[in-house]
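Take a look at the structure set out below.
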Amino acid sequence: MTRRFLPGATIGVMGGGQLGRMFAIAARRMGYRVHVFSPEKNGPAAQFADASTVADYQDRSAVERFVRAIDLLTFEFENIPVDTVEWCAQSVPVRPSGSVLHTAQHRLREKTFLSRAGFPVAPFAAVSSAADLRDALEQITAPAILKTAGFGYDGKGQQFLDGAKTAEGIWSERPGDELILEKAIDFEREISVIVARGVEGEVTTLPISENIHVAHILDVTIVPARIEDTVAQRAAQLA
């Protein structure tokens with residue numbers, strides 16, 4: 001039988017950013033204690049947590065001390081080393097699992113997973129050399145977006161390609177990076193679907209959000225999204 005964690009349990013959170021802050025506020029309102037682990041001192045999440053540990057994610061002794069103080073673990077963003085999560089999983093339940101994190105923190109693994117599972121994604125190709133980029137541009141064609149495969153967010157590590165530069169010229173500016181080229185999509189608006197899934201398979205879909213960005217950074221979220229019911233239903237089904 002799946003163990004249930006009732007209010008009063010301590011939830012560990014890897015990461016101390018704004019999403020962790022919102023998580024901590026919600027969890028404490030429900031009666032849970034929150035312990036944040038982050039290299040940042042007095043970050044957004046720590047300000048609303050019951051306790052915080054300030055250490056590098058790969059400081060194993062600090063991670064092990066942290067785990068002894070919590071009942072279960074989650075993470076608030078994807079750039080947590082998988083090894084760190086696996087250390088924690090040896091002692092406490094981790095949700096989502098480290099395997100999910102491994103997929104979600106790397107654009108190429110993520111896109112490949114979704115594509116193989118039959119989900120609609122923009123055309124993409126892996127790029128690790130100038131020759132790869134030249135072939136990818138011939139296959140996908142401009143306009144396209146060249147992105148780092150890992151550790152990019154808020155537009156960081158992204159480059160819009162309109163066909164003006166050669167593959168060799170583009171690669172000379174960022175040699176050695178593991179990249180992914182994606183076809184630029186002329187979309188009407190961006191939406192997000194948040195889904196909560198229990199360990200026994202029960203699923204709840206939250207109201208769909210519409211995201212408005214300024215300079216590649218999320219500026220405003222509107223809930224519910226200004227979309228037709230048929231689009232909302234399809235988005236929820238995909239999620």
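By convention in this document, the chains of the structure tokens carry letters A, B, ... by their order, each chain's residues are numbered from 1, and ligands are numbered from 1 in the order they are shown.
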Report task. Determine which residues of stretch 125-172 of chain A DSSP labels as alpha helix (DSSP H) from the backbone of this structure, then write them out as a VMD selection string. Result -> chain A and resid 130 to 140 167 to 172
Output of the above residues as a PDB file, in the first residue's frame, restricted to N, CA and C atoms:
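Writing done, so here's selection04.pdb:
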```pdb
ATOM      1  N   ALA A 130      29.372  21.734 -36.837  1.00  0.00           N
ATOM      2  CA  ALA A 130      28.938  22.604 -37.932  1.00  0.00           C
ATOM      3  C   ALA A 130      28.240  21.794 -39.014  1.00  0.00           C
ATOM      4  N   ALA A 131      28.726  20.574 -39.263  1.00  0.00           N
ATOM      5  CA  ALA A 131      28.098  19.714 -40.268  1.00  0.00           C
ATOM      6  C   ALA A 131      26.686  19.328 -39.851  1.00  0.00           C
ATOM      7  N   ASP A 132      26.520  19.022 -38.545  1.00  0.00           N
ATOM      8  CA  ASP A 132      25.180  18.710 -38.038  1.00  0.00           C
ATOM      9  C   ASP A 132      24.240  19.890 -38.239  1.00  0.00           C
ATOM     10  N   LEU A 133      24.745  21.084 -37.944  1.00  0.00           N
ATOM     11  CA  LEU A 133      23.911  22.281 -38.067  1.00  0.00           C
ATOM     12  C   LEU A 133      23.537  22.527 -39.520  1.00  0.00           C
ATOM     13  N   ARG A 134      24.475  22.346 -40.419  1.00  0.00           N
ATOM     14  CA  ARG A 134      24.197  22.532 -41.852  1.00  0.00           C
ATOM     15  C   ARG A 134      23.123  21.548 -42.322  1.00  0.00           C
ATOM     16  N   ASP A 135      23.263  20.288 -41.909  1.00  0.00           N
ATOM     17  CA  ASP A 135      22.265  19.280 -42.288  1.00  0.00           C
ATOM     18  C   ASP A 135      20.896  19.591 -41.675  1.00  0.00           C
ATOM     19  N   ALA A 136      20.912  20.034 -40.414  1.00  0.00           N
ATOM     20  CA  ALA A 136      19.656  20.334 -39.725  1.00  0.00           C
ATOM     21  C   ALA A 136      18.939  21.505 -40.385  1.00  0.00           C
ATOM     22  N   LEU A 137      19.707  22.533 -40.787  1.00  0.00           N
ATOM     23  CA  LEU A 137      19.104  23.687 -41.438  1.00  0.00           C
ATOM     24  C   LEU A 137      18.524  23.321 -42.802  1.00  0.00           C
ATOM     25  N   GLU A 138      19.182  22.404 -43.495  1.00  0.00           N
ATOM     26  CA  GLU A 138      18.652  21.940 -44.786  1.00  0.00           C
ATOM     27  C   GLU A 138      17.354  21.156 -44.593  1.00  0.00           C
ATOM     28  N   GLN A 139      17.302  20.397 -43.509  1.00  0.00           N
ATOM     29  CA  GLN A 139      16.127  19.559 -43.239  1.00  0.00           C
ATOM     30  C   GLN A 139      14.969  20.384 -42.672  1.00  0.00           C
ATOM     31  N   ILE A 140      15.255  21.232 -41.708  1.00  0.00           N
ATOM     32  CA  ILE A 140      14.205  21.956 -40.992  1.00  0.00           C
ATOM     33  C   ILE A 140      13.888  23.292 -41.650  1.00  0.00           C
ATOM     34  N   ALA A 167      26.092  27.937 -41.570  1.00  0.00           N
ATOM     35  CA  ALA A 167      26.201  27.026 -40.431  1.00  0.00           C
ATOM     36  C   ALA A 167      27.578  27.142 -39.792  1.00  0.00           C
ATOM     37  N   GLU A 168      28.617  27.272 -40.615  1.00  0.00           N
ATOM     38  CA  GLU A 168      29.978  27.386 -40.093  1.00  0.00           C
ATOM     39  C   GLU A 168      30.141  28.661 -39.278  1.00  0.00           C
ATOM     40  N   GLY A 169      29.562  29.754 -39.743  1.00  0.00           N
ATOM     41  CA  GLY A 169      29.650  31.013 -39.014  1.00  0.00           C
ATOM     42  C   GLY A 169      28.939  30.968 -37.674  1.00  0.00           C
ATOM     43  N   ILE A 170      27.772  30.329 -37.670  1.00  0.00           N
ATOM     44  CA  ILE A 170      27.007  30.199 -36.426  1.00  0.00           C
ATOM     45  C   ILE A 170      27.751  29.307 -35.445  1.00  0.00           C
ATOM     46  N   TRP A 171      28.268  28.185 -35.927  1.00  0.00           N
ATOM     47  CA  TRP A 171      28.950  27.238 -35.043  1.00  0.00           C
ATOM     48  C   TRP A 171      30.229  27.833 -34.468  1.00  0.00           C
ATOM     49  N   SER A 172      30.896  28.695 -35.213  1.00  0.00           N
ATOM     50  CA  SER A 172      32.149  29.287 -34.736  1.00  0.00           C
ATOM     51  C   SER A 172      31.925  30.157 -33.504  1.00  0.00           C
TER      52      SER A 172
END
```
Requested in this report: Excluding A:Phe113 and residues on its chain fewer than 5 positions from it, collect all residues at most 10 Å away from it, counting only C-alpha atoms, and give them as an MDAnalysis selection string.
Outcome: chainID A and resid 103:104 107:108 118:119
I'd like the neighbourhood of stretch 17-28 of chain A as a CSV table (one decimal) with all heavy atoms, in the first residue's frame, where a residue qualifies if any of its atoms comes within 12 Å (using only C-alpha atoms), though same-chain residues fewer than 6 positions away should be ignored.
```csv
chain,number,residue,atom,x,y,z
A,5,PHE,N,1.4,10.8,3.2
A,5,PHE,CA,2.0,11.8,4.1
A,5,PHE,C,1.0,12.9,4.5
A,5,PHE,O,0.6,13.7,3.6
A,5,PHE,CB,3.2,12.4,3.4
A,5,PHE,CG,4.3,11.4,3.1
A,5,PHE,CD1,4.3,10.7,2.0
A,5,PHE,CD2,5.3,11.2,4.1
A,5,PHE,CE1,5.3,9.8,1.7
A,5,PHE,CE2,6.3,10.3,3.8
A,5,PHE,CZ,6.3,9.5,2.7
A,6,LEU,N,0.6,12.9,5.7
A,6,LEU,CA,-0.4,13.8,6.2
A,6,LEU,C,0.2,15.1,6.6
A,6,LEU,O,1.4,15.2,6.9
A,6,LEU,CB,-1.2,13.1,7.3
A,6,LEU,CG,-1.9,11.8,7.0
A,6,LEU,CD1,-2.6,11.2,8.2
A,6,LEU,CD2,-2.9,12.0,5.9
A,7,PRO,N,-0.7,16.2,6.8
A,7,PRO,CA,-0.2,17.4,7.3
A,7,PRO,C,0.6,17.2,8.6
A,7,PRO,O,0.2,16.4,9.4
A,7,PRO,CB,-1.5,18.2,7.5
A,7,PRO,CG,-2.4,17.7,6.5
A,7,PRO,CD,-2.1,16.2,6.4
A,8,GLY,N,1.7,18.0,8.7
A,8,GLY,CA,2.6,17.8,9.8
A,8,GLY,C,3.9,17.2,9.3
A,8,GLY,O,5.0,17.3,9.9
A,9,ALA,N,3.9,16.4,8.2
A,9,ALA,CA,5.1,15.9,7.6
A,9,ALA,C,5.9,17.0,7.0
A,9,ALA,O,5.4,18.1,6.7
A,9,ALA,CB,4.7,14.9,6.5
A,10,THR,N,7.2,16.7,6.9
A,10,THR,CA,8.2,17.7,6.3
A,10,THR,C,8.5,17.4,4.9
A,10,THR,O,9.0,16.3,4.6
A,10,THR,CB,9.4,17.8,7.2
A,10,THR,OG1,9.1,18.2,8.5
A,10,THR,CG2,10.4,18.8,6.6
A,11,ILE,N,8.2,18.3,4.0
A,11,ILE,CA,8.5,18.1,2.6
A,11,ILE,C,9.8,18.8,2.2
A,11,ILE,O,9.9,20.0,2.5
A,11,ILE,CB,7.4,18.7,1.7
A,11,ILE,CG1,6.0,18.1,2.1
A,11,ILE,CG2,7.7,18.5,0.2
A,11,ILE,CD1,4.8,18.7,1.4
A,34,VAL,N,8.0,22.7,5.5
A,34,VAL,CA,8.8,22.8,4.2
A,34,VAL,C,10.3,23.1,4.6
A,34,VAL,O,10.6,24.0,5.3
A,34,VAL,CB,8.3,23.9,3.3
A,34,VAL,CG1,9.2,24.0,2.0
A,34,VAL,CG2,6.8,23.6,2.9
A,35,HIS,N,11.2,22.3,4.0
A,35,HIS,CA,12.6,22.4,4.2
A,35,HIS,C,13.2,22.6,2.8
A,35,HIS,O,13.2,21.7,2.0
A,35,HIS,CB,13.2,21.2,5.0
A,35,HIS,CG,14.6,21.4,5.4
A,35,HIS,ND1,15.2,20.8,6.5
A,35,HIS,CD2,15.6,22.2,4.9
A,35,HIS,CE1,16.4,21.1,6.6
A,35,HIS,NE2,16.8,21.9,5.7
A,36,VAL,N,13.9,23.7,2.6
A,36,VAL,CA,14.4,24.0,1.3
A,36,VAL,C,15.9,23.8,1.3
A,36,VAL,O,16.6,24.1,2.2
A,36,VAL,CB,14.1,25.5,0.9
A,36,VAL,CG1,14.9,25.9,-0.3
A,36,VAL,CG2,12.6,25.7,0.7
A,37,PHE,N,16.4,23.2,0.2
A,37,PHE,CA,17.9,23.0,-0.1
A,37,PHE,C,18.2,23.8,-1.3
A,37,PHE,O,17.7,23.6,-2.4
A,37,PHE,CB,18.2,21.5,-0.3
A,37,PHE,CG,19.6,21.2,-0.3
A,37,PHE,CD1,20.3,20.6,0.7
A,37,PHE,CD2,20.4,21.5,-1.4
A,37,PHE,CE1,21.6,20.3,0.7
A,37,PHE,CE2,21.8,21.2,-1.5
A,37,PHE,CZ,22.4,20.6,-0.4
A,38,SER,N,19.2,24.7,-1.1
A,38,SER,CA,19.6,25.6,-2.3
A,38,SER,C,21.0,26.2,-2.0
A,38,SER,O,21.3,26.5,-0.8
A,38,SER,CB,18.6,26.7,-2.5
A,38,SER,OG,19.0,27.6,-3.4
A,39,PRO,N,21.8,26.4,-3.0
A,39,PRO,CA,23.0,27.1,-2.8
A,39,PRO,C,22.9,28.5,-2.5
A,39,PRO,O,23.8,29.2,-2.0
A,39,PRO,CB,23.7,26.9,-4.2
A,39,PRO,CG,23.0,25.8,-4.9
A,39,PRO,CD,21.6,25.9,-4.4
A,40,GLU,N,21.7,29.1,-2.7
A,40,GLU,CA,21.4,30.5,-2.5
A,40,GLU,C,20.9,30.7,-1.1
A,40,GLU,O,20.0,30.1,-0.6
A,40,GLU,CB,20.3,31.0,-3.5
A,40,GLU,CG,20.0,32.5,-3.3
A,40,GLU,CD,18.9,32.9,-4.3
A,40,GLU,OE1,18.2,32.0,-4.9
A,40,GLU,OE2,18.6,34.1,-4.4
A,41,LYS,N,21.5,31.7,-0.4
A,41,LYS,CA,21.1,32.0,1.0
A,41,LYS,C,19.9,33.0,0.9
A,41,LYS,O,19.9,34.0,0.2
A,41,LYS,CB,22.3,32.7,1.7
A,41,LYS,CG,22.0,32.9,3.2
A,41,LYS,CD,23.3,33.5,3.9
A,41,LYS,CE,23.0,33.8,5.3
A,41,LYS,NZ,24.2,34.3,6.0
A,42,ASN,N,18.9,32.7,1.7
A,42,ASN,CA,17.8,33.5,1.9
A,42,ASN,C,17.1,33.8,0.5
A,42,ASN,O,16.7,34.9,0.2
A,42,ASN,CB,18.1,34.9,2.5
A,42,ASN,CG,16.9,35.6,3.1
A,42,ASN,OD1,16.0,35.0,3.5
A,42,ASN,ND2,16.9,36.9,3.0
A,43,GLY,N,17.0,32.8,-0.3
A,43,GLY,CA,16.3,32.9,-1.6
A,43,GLY,C,14.8,33.0,-1.4
A,43,GLY,O,14.2,32.9,-0.3
A,44,PRO,N,14.1,33.2,-2.5
A,44,PRO,CA,12.6,33.3,-2.5
A,44,PRO,C,11.9,32.2,-1.7
A,44,PRO,O,11.0,32.5,-1.0
A,44,PRO,CB,12.2,33.3,-4.0
A,44,PRO,CG,13.4,33.9,-4.7
A,44,PRO,CD,14.6,33.3,-3.9
A,45,ALA,N,12.3,31.0,-1.9
A,45,ALA,CA,11.6,29.9,-1.2
A,45,ALA,C,12.0,29.8,0.2
A,45,ALA,O,11.1,29.5,1.1
A,45,ALA,CB,11.9,28.5,-1.9
A,46,ALA,N,13.2,30.0,0.6
A,46,ALA,CA,13.7,30.0,2.0
A,46,ALA,C,12.9,31.0,2.8
A,46,ALA,O,12.7,30.7,4.0
A,46,ALA,CB,15.2,30.2,2.0
A,47,GLN,N,12.5,32.1,2.3
A,47,GLN,CA,11.8,33.1,3.0
A,47,GLN,C,10.5,32.7,3.6
A,47,GLN,O,9.9,33.3,4.5
A,47,GLN,CB,11.7,34.4,2.1
A,47,GLN,CG,13.0,35.0,1.8
A,47,GLN,CD,12.8,36.1,0.7
A,47,GLN,OE1,11.7,36.4,0.3
A,47,GLN,NE2,13.9,36.6,0.2
A,48,PHE,N,9.9,31.6,3.0
A,48,PHE,CA,8.6,31.1,3.4
A,48,PHE,C,8.7,29.7,3.9
A,48,PHE,O,7.7,29.0,4.1
A,48,PHE,CB,7.6,31.2,2.2
A,48,PHE,CG,7.1,32.6,2.0
A,48,PHE,CD1,7.8,33.5,1.3
A,48,PHE,CD2,5.8,32.9,2.6
A,48,PHE,CE1,7.3,34.8,1.1
A,48,PHE,CE2,5.3,34.2,2.4
A,48,PHE,CZ,6.1,35.1,1.7
A,49,ALA,N,9.9,29.1,4.0
A,49,ALA,CA,10.1,27.8,4.5
A,49,ALA,C,10.2,27.7,6.0
A,49,ALA,O,10.6,28.7,6.7
A,49,ALA,CB,11.3,27.1,3.8
A,50,ASP,N,10.0,26.5,6.6
A,50,ASP,CA,10.3,26.3,8.0
A,50,ASP,C,11.8,26.2,8.3
A,50,ASP,O,12.2,26.5,9.4
A,50,ASP,CB,9.6,25.0,8.5
A,50,ASP,CG,8.1,25.2,8.4
A,50,ASP,OD1,7.4,25.7,9.3
A,50,ASP,OD2,7.5,24.7,7.4
A,51,ALA,N,12.5,25.7,7.3
A,51,ALA,CA,13.9,25.5,7.5
A,51,ALA,C,14.6,25.6,6.1
A,51,ALA,O,13.9,25.3,5.1
A,51,ALA,CB,14.2,24.1,8.2
A,52,SER,N,15.9,25.9,6.1
A,52,SER,CA,16.6,25.9,4.8
A,52,SER,C,18.0,25.4,5.0
A,52,SER,O,18.6,25.6,6.1
A,52,SER,CB,16.6,27.3,4.2
A,52,SER,OG,17.3,28.2,5.0
A,74,THR,N,10.7,16.7,-3.2
A,74,THR,CA,10.4,17.1,-4.5
A,74,THR,C,11.4,18.2,-5.0
A,74,THR,O,12.3,18.5,-4.2
A,74,THR,CB,9.0,17.7,-4.6
A,74,THR,OG1,8.6,17.8,-6.0
A,74,THR,CG2,8.8,19.0,-3.9
A,75,PHE,N,11.3,18.7,-6.2
A,75,PHE,CA,12.2,19.7,-6.7
A,75,PHE,C,11.4,20.7,-7.4
A,75,PHE,O,10.4,20.4,-8.0
A,75,PHE,CB,13.3,19.1,-7.6
A,75,PHE,CG,12.9,18.0,-8.4
A,75,PHE,CD1,12.4,18.2,-9.7
A,75,PHE,CD2,13.1,16.7,-8.0
A,75,PHE,CE1,12.0,17.1,-10.5
A,75,PHE,CE2,12.7,15.6,-8.8
A,75,PHE,CZ,12.2,15.8,-10.0
A,76,GLU,N,11.9,22.0,-7.4
A,76,GLU,CA,11.1,23.1,-7.9
A,76,GLU,C,11.5,23.6,-9.3
A,76,GLU,O,10.9,24.4,-9.9
A,76,GLU,CB,11.0,24.2,-6.9
A,76,GLU,CG,12.3,24.9,-6.6
A,76,GLU,CD,12.5,26.2,-7.3
A,76,GLU,OE1,11.6,26.8,-7.7
A,76,GLU,OE2,13.7,26.6,-7.5
A,77,PHE,N,12.7,23.1,-9.8
A,77,PHE,CA,13.1,23.4,-11.1
A,77,PHE,C,13.9,22.2,-11.6
A,77,PHE,O,14.3,21.3,-10.8
A,77,PHE,CB,13.7,24.7,-11.3
A,77,PHE,CG,15.2,24.8,-10.8
A,77,PHE,CD1,16.1,25.4,-11.6
A,77,PHE,CD2,15.6,24.2,-9.6
A,77,PHE,CE1,17.4,25.5,-11.2
A,77,PHE,CE2,16.9,24.3,-9.2
A,77,PHE,CZ,17.8,24.9,-10.0
A,78,GLU,N,14.2,22.2,-12.9
A,78,GLU,CA,14.7,21.0,-13.5
A,78,GLU,C,16.3,20.9,-13.4
A,78,GLU,O,16.8,19.8,-13.7
A,78,GLU,CB,14.3,20.9,-15.0
A,78,GLU,CG,14.9,21.9,-15.9
A,78,GLU,CD,14.1,23.2,-16.0
A,78,GLU,OE1,13.3,23.4,-15.1
A,78,GLU,OE2,14.3,23.9,-17.0
A,79,ASN,N,17.0,22.0,-13.1
A,79,ASN,CA,18.4,21.9,-13.2
A,79,ASN,C,19.1,21.5,-11.9
A,79,ASN,O,20.0,22.1,-11.4
A,79,ASN,CB,19.0,23.3,-13.6
A,79,ASN,CG,18.6,23.6,-15.0
A,79,ASN,OD1,18.4,22.7,-15.9
A,79,ASN,ND2,18.5,24.9,-15.3
```
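The residues of stretch 22-70 of chain A that DSSP assigns to strand (DSSP E or B) on this backbone come out as Arg33, Val34, His35, Val36, Phe37, Ser38, Ala51, Ser52, Thr53 and Val54 of chain A.
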Query raised in the report: With only C-alpha atoms as the atoms that count, which of A:Glu200, A:His213, A:Thr230, A:Ala149 lies nearest to A:Thr2?
Result: A:Glu200
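If you look at atom CA of A:Pro81 and atom CA of A:Gly155, they are 21.1 Å away from each other.
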Query raised in the report: Closest to A:Ser99 among A:Leu206, A:Val82, A:Ala62, A:Leu114, using only C-alpha atoms?
Result: A:Val82
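Compared by their closest atoms to A:Ala122, and using only C-alpha atoms, the residues A:Leu181, A:Val220, A:Val94, A:Ala196 rank with A:Leu181 nearest.
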Requested in this report: Name the closest residue to A:Gln159 among the candidates A:His216, A:Arg65, A:Ser129, A:Ala235; distances are taken between atoms, counting only C-alpha atoms.
Outcome: A:His216
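For the residues A:Asp71, A:Glu190, A:Pro143, A:Thr53, ranking by smallest atom-to-atom distance to A:Tyr32 using only C-alpha atoms places A:Asp71 first.
Atom to atom, atom CA of A:Ser209 and atom CA of A:Ile227 stand 9.8 Å apart.
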